[in-house]
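Q: target_34.pdb (PDB, C-alpha atoms) pasted underneath:
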```
MODEL        1
ATOM      1  CA  MET E   1     -10.960 -77.748 221.136  1.00  0.00           C
ATOM      2  CA  ASP E   2      -8.471 -79.280 218.703  1.00  0.00           C
ATOM      3  CA  ILE E   3     -10.048 -79.374 215.235  1.00  0.00           C
ATOM      4  CA  VAL E   4      -7.358 -81.853 214.183  1.00  0.00           C
ATOM      5  CA  ASP E   5      -5.925 -84.414 216.597  1.00  0.00           C
ATOM      6  CA  PRO E   6      -2.564 -83.002 217.805  1.00  0.00           C
ATOM      7  CA  LEU E   7      -0.776 -86.182 216.702  1.00  0.00           C
ATOM      8  CA  ILE E   8      -2.123 -85.784 213.176  1.00  0.00           C
ATOM      9  CA  ASP E   9      -1.453 -82.049 213.200  1.00  0.00           C
ATOM     10  CA  ASP E  10       2.185 -82.641 214.156  1.00  0.00           C
ATOM     11  CA  TYR E  11       2.491 -85.246 211.395  1.00  0.00           C
ATOM     12  CA  LEU E  12       1.046 -82.880 208.762  1.00  0.00           C
ATOM     13  CA  THR E  13       3.306 -80.073 209.975  1.00  0.00           C
ATOM     14  CA  ARG E  14       6.375 -82.279 209.592  1.00  0.00           C
ATOM     15  CA  LEU E  15       5.273 -83.187 206.072  1.00  0.00           C
ATOM     16  CA  ALA E  16       4.853 -79.531 205.148  1.00  0.00           C
ATOM     17  CA  GLY E  17       8.262 -78.644 206.582  1.00  0.00           C
ATOM     18  CA  SER E  18       9.785 -75.208 206.262  1.00  0.00           C
ATOM     19  CA  PRO E  19      10.535 -74.049 202.708  1.00  0.00           C
ATOM     20  CA  ASP E  20      12.700 -71.084 203.691  1.00  0.00           C
ATOM     21  CA  PRO E  21      14.600 -69.796 206.743  1.00  0.00           C
ATOM     22  CA  VAL E  22      12.479 -66.648 206.571  1.00  0.00           C
ATOM     23  CA  GLU E  23       9.316 -68.727 207.057  1.00  0.00           C
ATOM     24  CA  ALA E  24      10.824 -70.278 210.180  1.00  0.00           C
ATOM     25  CA  GLU E  25      11.817 -66.821 211.433  1.00  0.00           C
ATOM     26  CA  MET E  26       8.254 -65.579 210.959  1.00  0.00           C
ATOM     27  CA  ARG E  27       6.875 -68.531 212.913  1.00  0.00           C
ATOM     28  CA  ARG E  28       9.296 -67.915 215.767  1.00  0.00           C
ATOM     29  CA  TYR E  29       8.181 -64.295 215.868  1.00  0.00           C
ATOM     30  CA  ALA E  30       4.535 -65.399 216.098  1.00  0.00           C
ATOM     31  CA  ASP E  31       5.401 -67.696 219.010  1.00  0.00           C
ATOM     32  CA  GLU E  32       7.225 -64.884 220.786  1.00  0.00           C
ATOM     33  CA  ARG E  33       4.086 -62.736 220.517  1.00  0.00           C
ATOM     34  CA  ASP E  34       2.140 -65.237 222.650  1.00  0.00           C
ATOM     35  CA  GLY E  35       1.037 -67.297 219.706  1.00  0.00           C
ATOM     36  CA  TYR E  36       0.091 -64.503 217.284  1.00  0.00           C
ATOM     37  CA  PRO E  37      -2.388 -66.227 214.944  1.00  0.00           C
ATOM     38  CA  ILE E  38      -0.882 -67.336 211.646  1.00  0.00           C
ATOM     39  CA  VAL E  39      -2.064 -69.971 209.189  1.00  0.00           C
ATOM     40  CA  GLY E  40       0.910 -72.261 209.888  1.00  0.00           C
ATOM     41  CA  GLN E  41       2.749 -74.559 207.529  1.00  0.00           C
ATOM     42  CA  THR E  42      -0.023 -77.036 206.776  1.00  0.00           C
ATOM     43  CA  LEU E  43      -2.551 -74.411 205.761  1.00  0.00           C
ATOM     44  CA  GLY E  44       0.174 -72.336 204.126  1.00  0.00           C
ATOM     45  CA  THR E  45       0.967 -75.184 201.735  1.00  0.00           C
ATOM     46  CA  LEU E  46      -2.747 -75.537 200.940  1.00  0.00           C
ATOM     47  CA  LEU E  47      -3.061 -71.815 200.167  1.00  0.00           C
ATOM     48  CA  ALA E  48      -0.056 -72.089 197.875  1.00  0.00           C
ATOM     49  CA  GLN E  49      -1.588 -75.101 196.142  1.00  0.00           C
ATOM     50  CA  TYR E  50      -4.837 -73.235 195.493  1.00  0.00           C
ATOM     51  CA  ALA E  51      -2.833 -70.377 193.964  1.00  0.00           C
ATOM     52  CA  LEU E  52      -1.044 -72.850 191.704  1.00  0.00           C
ATOM     53  CA  LEU E  53      -4.237 -74.655 190.675  1.00  0.00           C
ATOM     54  CA  MET E  54      -5.905 -71.334 189.885  1.00  0.00           C
ATOM     55  CA  LYS E  55      -2.826 -70.086 188.025  1.00  0.00           C
ATOM     56  CA  ALA E  56      -3.503 -66.985 190.080  1.00  0.00           C
ATOM     57  CA  ARG E  57      -2.144 -63.659 188.948  1.00  0.00           C
ATOM     58  CA  ARG E  58      -4.041 -61.378 191.340  1.00  0.00           C
ATOM     59  CA  ILE E  59      -4.590 -62.292 194.991  1.00  0.00           C
ATOM     60  CA  PHE E  60      -6.013 -59.920 197.594  1.00  0.00           C
ATOM     61  CA  GLU E  61      -5.676 -60.457 201.334  1.00  0.00           C
ATOM     62  CA  VAL E  62      -7.960 -58.864 203.928  1.00  0.00           C
ATOM     63  CA  GLY E  63      -6.016 -59.020 207.200  1.00  0.00           C
ATOM     64  CA  SER E  64      -2.431 -59.900 206.288  1.00  0.00           C
ATOM     65  CA  GLY E  65      -0.855 -59.500 209.721  1.00  0.00           C
ATOM     66  CA  PHE E  66       2.897 -59.511 209.300  1.00  0.00           C
ATOM     67  CA  GLY E  67       2.838 -61.272 205.940  1.00  0.00           C
ATOM     68  CA  TYR E  68       2.911 -64.976 206.771  1.00  0.00           C
ATOM     69  CA  SER E  69       0.086 -66.063 204.455  1.00  0.00           C
ATOM     70  CA  ALA E  70       1.347 -63.678 201.768  1.00  0.00           C
ATOM     71  CA  PHE E  71       4.707 -65.482 201.964  1.00  0.00           C
ATOM     72  CA  TRP E  72       3.033 -68.758 200.979  1.00  0.00           C
ATOM     73  CA  PHE E  73       1.051 -67.182 198.156  1.00  0.00           C
ATOM     74  CA  ALA E  74       3.906 -65.114 196.776  1.00  0.00           C
ATOM     75  CA  ARG E  75       6.431 -67.935 196.619  1.00  0.00           C
ATOM     76  CA  VAL E  76       4.390 -69.801 193.973  1.00  0.00           C
ATOM     77  CA  LEU E  77       3.297 -66.840 191.839  1.00  0.00           C
ATOM     78  CA  GLU E  78       4.588 -66.398 188.303  1.00  0.00           C
ATOM     79  CA  PRO E  79       6.530 -63.233 187.415  1.00  0.00           C
ATOM     80  CA  GLY E  80       4.181 -60.316 186.957  1.00  0.00           C
ATOM     81  CA  SER E  81       1.634 -61.742 189.398  1.00  0.00           C
ATOM     82  CA  MET E  82       0.783 -59.978 192.634  1.00  0.00           C
ATOM     83  CA  VAL E  83      -0.584 -60.530 196.130  1.00  0.00           C
ATOM     84  CA  THR E  84      -1.958 -57.425 197.852  1.00  0.00           C
ATOM     85  CA  LEU E  85      -1.511 -57.148 201.630  1.00  0.00           C
ATOM     86  CA  THR E  86      -3.733 -55.145 203.981  1.00  0.00           C
ATOM     87  CA  ASP E  87      -3.745 -54.649 207.743  1.00  0.00           C
ATOM     88  CA  PHE E  88      -4.768 -52.028 210.297  1.00  0.00           C
ATOM     89  CA  ASP E  89      -1.356 -52.167 212.005  1.00  0.00           C
ATOM     90  CA  ARG E  90       1.460 -50.269 210.295  1.00  0.00           C
ATOM     91  CA  GLU E  91       4.084 -52.148 212.294  1.00  0.00           C
ATOM     92  CA  ASN E  92       2.732 -55.463 211.000  1.00  0.00           C
ATOM     93  CA  LEU E  93       2.967 -54.248 207.417  1.00  0.00           C
ATOM     94  CA  ASP E  94       6.480 -52.910 207.943  1.00  0.00           C
ATOM     95  CA  ARG E  95       7.533 -56.307 209.256  1.00  0.00           C
ATOM     96  CA  ALA E  96       5.795 -58.006 206.334  1.00  0.00           C
ATOM     97  CA  ARG E  97       7.651 -55.822 203.872  1.00  0.00           C
ATOM     98  CA  ALA E  98      11.001 -56.555 205.541  1.00  0.00           C
ATOM     99  CA  TRP E  99      10.481 -60.320 205.677  1.00  0.00           C
ATOM    100  CA  LEU E 100       9.148 -60.571 202.133  1.00  0.00           C
ATOM    101  CA  LEU E 101      12.138 -58.572 200.914  1.00  0.00           C
ATOM    102  CA  LYS E 102      14.476 -60.900 202.811  1.00  0.00           C
ATOM    103  CA  ALA E 103      12.765 -63.896 201.199  1.00  0.00           C
ATOM    104  CA  GLY E 104      13.125 -62.358 197.728  1.00  0.00           C
ATOM    105  CA  LEU E 105       9.348 -62.103 197.306  1.00  0.00           C
ATOM    106  CA  LEU E 106       8.595 -58.421 197.721  1.00  0.00           C
ATOM    107  CA  GLU E 107       8.424 -57.786 193.972  1.00  0.00           C
ATOM    108  CA  ARG E 108       5.386 -60.098 193.889  1.00  0.00           C
ATOM    109  CA  CYS E 109       3.648 -58.167 196.681  1.00  0.00           C
ATOM    110  CA  ARG E 110       1.787 -54.901 196.937  1.00  0.00           C
ATOM    111  CA  VAL E 111       1.504 -53.550 200.464  1.00  0.00           C
ATOM    112  CA  GLU E 112      -1.435 -51.199 200.981  1.00  0.00           C
ATOM    113  CA  PRO E 113      -1.104 -48.359 203.512  1.00  0.00           C
ATOM    114  CA  ALA E 114      -2.246 -49.363 207.001  1.00  0.00           C
ATOM    115  CA  GLY E 115      -5.999 -49.206 207.248  1.00  0.00           C
ATOM    116  CA  ASP E 116      -9.264 -51.039 206.618  1.00  0.00           C
ATOM    117  CA  GLY E 117      -8.692 -53.968 204.274  1.00  0.00           C
ATOM    118  CA  LEU E 118     -12.346 -54.008 203.231  1.00  0.00           C
ATOM    119  CA  GLU E 119     -12.152 -50.395 202.118  1.00  0.00           C
ATOM    120  CA  ALA E 120      -9.053 -51.238 200.102  1.00  0.00           C
ATOM    121  CA  LEU E 121     -10.829 -54.239 198.582  1.00  0.00           C
ATOM    122  CA  ALA E 122     -13.798 -52.056 197.634  1.00  0.00           C
ATOM    123  CA  ARG E 123     -11.411 -49.740 195.744  1.00  0.00           C
ATOM    124  CA  CYS E 124      -9.679 -52.633 194.008  1.00  0.00           C
ATOM    125  CA  GLU E 125     -10.140 -53.284 190.296  1.00  0.00           C
ATOM    126  CA  ALA E 126     -12.315 -56.308 189.536  1.00  0.00           C
ATOM    127  CA  GLY E 127     -10.932 -59.545 188.103  1.00  0.00           C
ATOM    128  CA  LEU E 128      -9.244 -61.005 191.188  1.00  0.00           C
ATOM    129  CA  ASP E 129      -8.381 -64.705 191.144  1.00  0.00           C
ATOM    130  CA  ILE E 130      -8.382 -65.241 194.923  1.00  0.00           C
ATOM    131  CA  VAL E 131      -9.588 -63.214 197.890  1.00  0.00           C
ATOM    132  CA  PHE E 132      -8.220 -64.422 201.229  1.00  0.00           C
ATOM    133  CA  LEU E 133     -10.170 -63.357 204.315  1.00  0.00           C
ATOM    134  CA  ASP E 134      -8.404 -63.350 207.676  1.00  0.00           C
ATOM    135  CA  GLY E 135      -9.593 -60.135 209.281  1.00  0.00           C
ATOM    136  CA  GLU E 136     -12.366 -59.412 211.786  1.00  0.00           C
ATOM    137  CA  LYS E 137     -14.626 -62.472 211.893  1.00  0.00           C
ATOM    138  CA  ALA E 138     -17.762 -60.442 212.643  1.00  0.00           C
ATOM    139  CA  GLU E 139     -17.221 -58.671 209.319  1.00  0.00           C
ATOM    140  CA  TYR E 140     -16.929 -61.801 207.175  1.00  0.00           C
ATOM    141  CA  PRO E 141     -20.470 -61.433 205.730  1.00  0.00           C
ATOM    142  CA  LYS E 142     -19.699 -57.834 204.750  1.00  0.00           C
ATOM    143  CA  ALA E 143     -16.343 -58.985 203.336  1.00  0.00           C
ATOM    144  CA  LEU E 144     -18.086 -61.578 201.167  1.00  0.00           C
ATOM    145  CA  ALA E 145     -20.465 -58.972 199.748  1.00  0.00           C
ATOM    146  CA  ILE E 146     -17.509 -56.772 198.799  1.00  0.00           C
ATOM    147  CA  ALA E 147     -15.327 -59.623 197.535  1.00  0.00           C
ATOM    148  CA  LEU E 148     -17.715 -61.369 195.156  1.00  0.00           C
ATOM    149  CA  PRO E 149     -18.081 -58.511 192.621  1.00  0.00           C
ATOM    150  CA  LYS E 150     -14.295 -58.147 192.625  1.00  0.00           C
ATOM    151  CA  LEU E 151     -13.742 -61.841 191.889  1.00  0.00           C
ATOM    152  CA  ARG E 152     -13.587 -63.226 188.371  1.00  0.00           C
ATOM    153  CA  ALA E 153     -15.867 -66.073 187.337  1.00  0.00           C
ATOM    154  CA  GLY E 154     -14.121 -69.231 188.500  1.00  0.00           C
ATOM    155  CA  GLY E 155     -12.302 -67.377 191.269  1.00  0.00           C
ATOM    156  CA  LEU E 156     -12.031 -68.378 194.925  1.00  0.00           C
ATOM    157  CA  VAL E 157     -12.830 -66.768 198.245  1.00  0.00           C
ATOM    158  CA  LEU E 158     -10.741 -68.448 200.949  1.00  0.00           C
ATOM    159  CA  ALA E 159     -11.822 -67.630 204.505  1.00  0.00           C
ATOM    160  CA  ASP E 160      -9.685 -68.606 207.491  1.00  0.00           C
ATOM    161  CA  SER E 161     -10.796 -69.650 210.985  1.00  0.00           C
ATOM    162  CA  VAL E 162     -14.415 -70.367 210.087  1.00  0.00           C
ATOM    163  CA  LEU E 163     -14.709 -73.122 212.744  1.00  0.00           C
ATOM    164  CA  TRP E 164     -13.484 -70.691 215.418  1.00  0.00           C
ATOM    165  CA  GLY E 165     -12.292 -73.317 217.872  1.00  0.00           C
ATOM    166  CA  GLY E 166     -15.616 -75.131 217.607  1.00  0.00           C
ATOM    167  CA  ALA E 167     -17.632 -72.085 218.720  1.00  0.00           C
ATOM    168  CA  VAL E 168     -19.785 -72.178 215.579  1.00  0.00           C
ATOM    169  CA  ALA E 169     -20.807 -75.771 216.328  1.00  0.00           C
ATOM    170  CA  ARG E 170     -21.425 -75.089 220.024  1.00  0.00           C
ATOM    171  CA  GLY E 171     -23.916 -72.337 219.171  1.00  0.00           C
ATOM    172  CA  GLU E 172     -22.093 -69.481 220.892  1.00  0.00           C
ATOM    173  CA  SER E 173     -23.512 -66.024 220.196  1.00  0.00           C
ATOM    174  CA  ASP E 174     -20.663 -63.509 220.430  1.00  0.00           C
ATOM    175  CA  ALA E 175     -20.192 -61.166 217.463  1.00  0.00           C
ATOM    176  CA  ALA E 176     -17.331 -63.112 215.894  1.00  0.00           C
ATOM    177  CA  THR E 177     -19.114 -66.466 216.094  1.00  0.00           C
ATOM    178  CA  ALA E 178     -22.371 -64.998 214.823  1.00  0.00           C
ATOM    179  CA  GLY E 179     -20.537 -63.405 211.911  1.00  0.00           C
ATOM    180  CA  LEU E 180     -18.871 -66.674 210.998  1.00  0.00           C
ATOM    181  CA  ARG E 181     -22.141 -68.582 211.217  1.00  0.00           C
ATOM    182  CA  GLU E 182     -23.844 -66.039 208.934  1.00  0.00           C
ATOM    183  CA  TYR E 183     -20.901 -66.156 206.526  1.00  0.00           C
ATOM    184  CA  THR E 184     -21.204 -69.930 206.359  1.00  0.00           C
ATOM    185  CA  ARG E 185     -24.940 -69.694 205.738  1.00  0.00           C
ATOM    186  CA  LEU E 186     -24.306 -67.314 202.848  1.00  0.00           C
ATOM    187  CA  ILE E 187     -21.588 -69.316 201.116  1.00  0.00           C
ATOM    188  CA  PHE E 188     -23.578 -72.554 201.334  1.00  0.00           C
ATOM    189  CA  GLY E 189     -26.982 -71.050 200.554  1.00  0.00           C
ATOM    190  CA  SER E 190     -26.308 -68.514 197.788  1.00  0.00           C
ATOM    191  CA  GLU E 191     -26.891 -69.300 194.142  1.00  0.00           C
ATOM    192  CA  GLY E 192     -23.745 -69.231 192.045  1.00  0.00           C
ATOM    193  CA  LEU E 193     -21.423 -70.300 194.859  1.00  0.00           C
ATOM    194  CA  VAL E 194     -19.978 -73.742 195.512  1.00  0.00           C
ATOM    195  CA  SER E 195     -18.448 -74.081 198.964  1.00  0.00           C
ATOM    196  CA  THR E 196     -16.801 -76.497 201.336  1.00  0.00           C
ATOM    197  CA  ILE E 197     -15.005 -76.240 204.676  1.00  0.00           C
ATOM    198  CA  VAL E 198     -11.648 -77.928 205.060  1.00  0.00           C
ATOM    199  CA  PRO E 199     -11.281 -78.841 208.763  1.00  0.00           C
ATOM    200  CA  ILE E 200      -7.570 -78.202 209.218  1.00  0.00           C
ATOM    201  CA  ARG E 201      -6.094 -75.644 211.622  1.00  0.00           C
ATOM    202  CA  ASP E 202      -9.198 -73.626 212.580  1.00  0.00           C
ATOM    203  CA  GLY E 203     -11.154 -74.360 209.417  1.00  0.00           C
ATOM    204  CA  LEU E 204     -10.738 -72.944 205.897  1.00  0.00           C
ATOM    205  CA  ALA E 205     -13.875 -72.146 203.894  1.00  0.00           C
ATOM    206  CA  VAL E 206     -13.318 -72.545 200.160  1.00  0.00           C
ATOM    207  CA  THR E 207     -15.892 -70.835 197.948  1.00  0.00           C
ATOM    208  CA  TRP E 208     -15.865 -71.051 194.154  1.00  0.00           C
ATOM    209  CA  LYS E 209     -17.733 -68.419 192.172  1.00  0.00           C
ATOM    210  CA  ARG E 210     -19.474 -69.714 189.058  1.00  0.00           C
TER
ENDMDL
END
```
Let me see the structure of the file written as structure tokens.

A:
Amino acid sequence: MDIVDPLIDDYLTRLAGSPDPVEAEMRRYADERDGYPIVGQTLGTLLAQYALLMKARRIFEVGSGFGYSAFWFARVLEPGSMVTLTDFDRENLDRARAWLLKAGLLERCRVEPAGDGLEALARCEAGLDIVFLDGEKAEYPKALAIALPKLRAGGLVLADSVLWGGAVARGESDAATAGLREYTRLIFGSEGLVSTIVPIRDGLAVTWKR
């Protein structure tokens, strides 16, 4: 199902535009890989806005793919700030490094060795401003449990694809949908968290830690 009417989605995409030829190149690459999932321009601009509003200096991504979301974060960071990228696929991270270098953003990025992003997050020093989740959906509840102690008071957990094409509303029971439904229960039902879901693209859950 289309979470946003295609007419509206096209309109929002045109408004967001393309801030850099490298961004357009990354989108073309995603299309060539049979629609490799990326956040797209509309959500990319929202991620960048959250980073600006938070005056973020330390952002950690779980599931960076080939660096598309990191591009949007990194382009608004102040000097000395950093977004950390993780992914299981070494080729993805190599491509991310190359594109971020081409865009002049690599100095604001730290690329972890290929492997489990949650393990890297668990090793990370506390005090993060934003944790962005875009890895295995079944593991989102586990990711939240690891992320919250690493997040500063007033920090954000941003979780992508929480509407999962409407599967969460239809009551489907596969592992990914069940994980997303449990994640949503946790962020809305846990003391000390204030959450909402923004229904653009495939749904972005925004959780503020008191």

Q: What lies within 9 Å of region 90-100 of chain E using only C-alpha atoms, ignoring chain neighbours under 5 positions off, as a list in words?

A: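 In the requested form, the answer reads Val22, Glu23, Glu25, Met26, Ser64, Gly65, Phe66, Gly67, Tyr68, Ala70, Phe71, Ala74, Leu85, Leu105, Leu106, Glu107, Cys109, Val111, Glu112, Pro113, Ala114 and Gly115 of chain E.
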
Q: Take the PyMOL selection byres ((chain E and resi 73) around 10), run it mentally on this structure, and tell me the resulting residues as an mmCIF file with C-alpha atoms, in the frame of the given file.

A:
```
data_model
loop_
_atom_site.group_PDB
_atom_site.id
_atom_site.type_symbol
_atom_site.label_atom_id
_atom_site.label_comp_id
_atom_site.auth_asym_id
_atom_site.auth_seq_id
_atom_site.Cartn_x
_atom_site.Cartn_y
_atom_site.Cartn_z
ATOM 1 C CA GLY E 44 0.174 -72.336 204.126
ATOM 2 C CA THR E 45 0.967 -75.184 201.735
ATOM 3 C CA LEU E 46 -2.747 -75.537 200.940
ATOM 4 C CA LEU E 47 -3.061 -71.815 200.167
ATOM 5 C CA ALA E 48 -0.056 -72.089 197.875
ATOM 6 C CA GLN E 49 -1.588 -75.101 196.142
ATOM 7 C CA TYR E 50 -4.837 -73.235 195.493
ATOM 8 C CA ALA E 51 -2.833 -70.377 193.964
ATOM 9 C CA LEU E 52 -1.044 -72.850 191.704
ATOM 10 C CA ALA E 56 -3.503 -66.985 190.080
ATOM 11 C CA ILE E 59 -4.590 -62.292 194.991
ATOM 12 C CA GLY E 67 2.838 -61.272 205.940
ATOM 13 C CA TYR E 68 2.911 -64.976 206.771
ATOM 14 C CA SER E 69 0.086 -66.063 204.455
ATOM 15 C CA ALA E 70 1.347 -63.678 201.768
ATOM 16 C CA PHE E 71 4.707 -65.482 201.964
ATOM 17 C CA TRP E 72 3.033 -68.758 200.979
ATOM 18 C CA ALA E 74 3.906 -65.114 196.776
ATOM 19 C CA ARG E 75 6.431 -67.935 196.619
ATOM 20 C CA VAL E 76 4.390 -69.801 193.973
ATOM 21 C CA LEU E 77 3.297 -66.840 191.839
ATOM 22 C CA MET E 82 0.783 -59.978 192.634
ATOM 23 C CA VAL E 83 -0.584 -60.530 196.130
ATOM 24 C CA LEU E 105 9.348 -62.103 197.306
ATOM 25 C CA ARG E 108 5.386 -60.098 193.889
ATOM 26 C CA CYS E 109 3.648 -58.167 196.681
#
```

Q: With 12 Å as the cut-off and only C-alpha atoms counted, what is the closest atom pair between each nearby residue of region 102-166 of chain E and region 31-40 of chain E? Distances in Å to one decimal, ordered by chain and number, as a tab-separated table.

A:
```
residue	atom	partner	partner_atom	distance
E:Phe132	CA	E:Val39	CA	11.5
E:Leu133	CA	E:Val39	CA	11.5
E:Asp134	CA	E:Val39	CA	9.3
E:Gly135	CA	E:Pro37	CA	11.0
E:Ala159	CA	E:Val39	CA	11.1
E:Asp160	CA	E:Val39	CA	7.9
E:Ser161	CA	E:Val39	CA	8.9
E:Trp164	CA	E:Pro37	CA	12.0
```

Q: Residues within 12 Å of Ala145 (chain E), please, as a PyMOL selection string. Count all atoms listed in the file; anything in the same chain fewer than 4 positions from it doesn't count.

A: chain E and resi 118+121-122+131+139-141+149-151+157+183+186-187+190

Q: Expand the PyMOL selection byres ((chain E and resi 175) around 12) into the individual residues it matches in the shown file, reporting them as a list in words.

A: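 Applying the PyMOL selection byres ((chain E and resi 175) around 12) to the structure shown produces Glu136, Lys137, Ala138, Glu139, Tyr140, Pro141, Trp164, Ala167, Val168, Gly171, Glu172, Ser173, Asp174, Ala176, Thr177, Ala178, Gly179, Leu180, Arg181 and Glu182 of chain E.
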
Q: Enter the distance from CA of Lys55 (chain E) to CA of Asp129 (chain E), in Å, rounded to one decimal.

A: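 CA of Asp129 (chain E) lies 8.3 Å from CA of Lys55 (chain E).
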
Q: I need the residue nearest Lys102 (chain E) from this list: E:Arg28, E:Thr42, E:Asp89, E:Asp20. Use all atoms listed in the file for the distance.

A: E:Asp20

Q: Identify, on the basis of only C-alpha atoms, every residue whose closest approach to Leu148 (chain E) does not exceed 10 Å; exclude the query and any residue fewer than 3 positions from it along the same chain; express the result as a PyMOL selection string.

A: chain E and resi 126-128+131+143-145+151-153+155-157+193+208-209

Q: What does the distance from CA of Leu12 (chain E) to CA of Leu43 (chain E) come to in Å, to one decimal?

A: 9.7 Å

Q: Between CA of Gly117 (chain E) and CA of Ala169 (chain E), what is the distance, to one decimal in Å?

A: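 So the two atoms, CA of Gly117 (chain E) and CA of Ala169 (chain E), lie 27.7 Å apart.
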
Q: Could you pull the residues within 12 Å of Asp5 (chain E), counting only C-alpha atoms, minus those fewer than 3 positions along the same chain, as a list in words?

A: Met1, Asp2, Ile8, Asp9, Asp10, Tyr11, Leu12, Pro199, Ile200, Arg201 and Asp202 of chain E
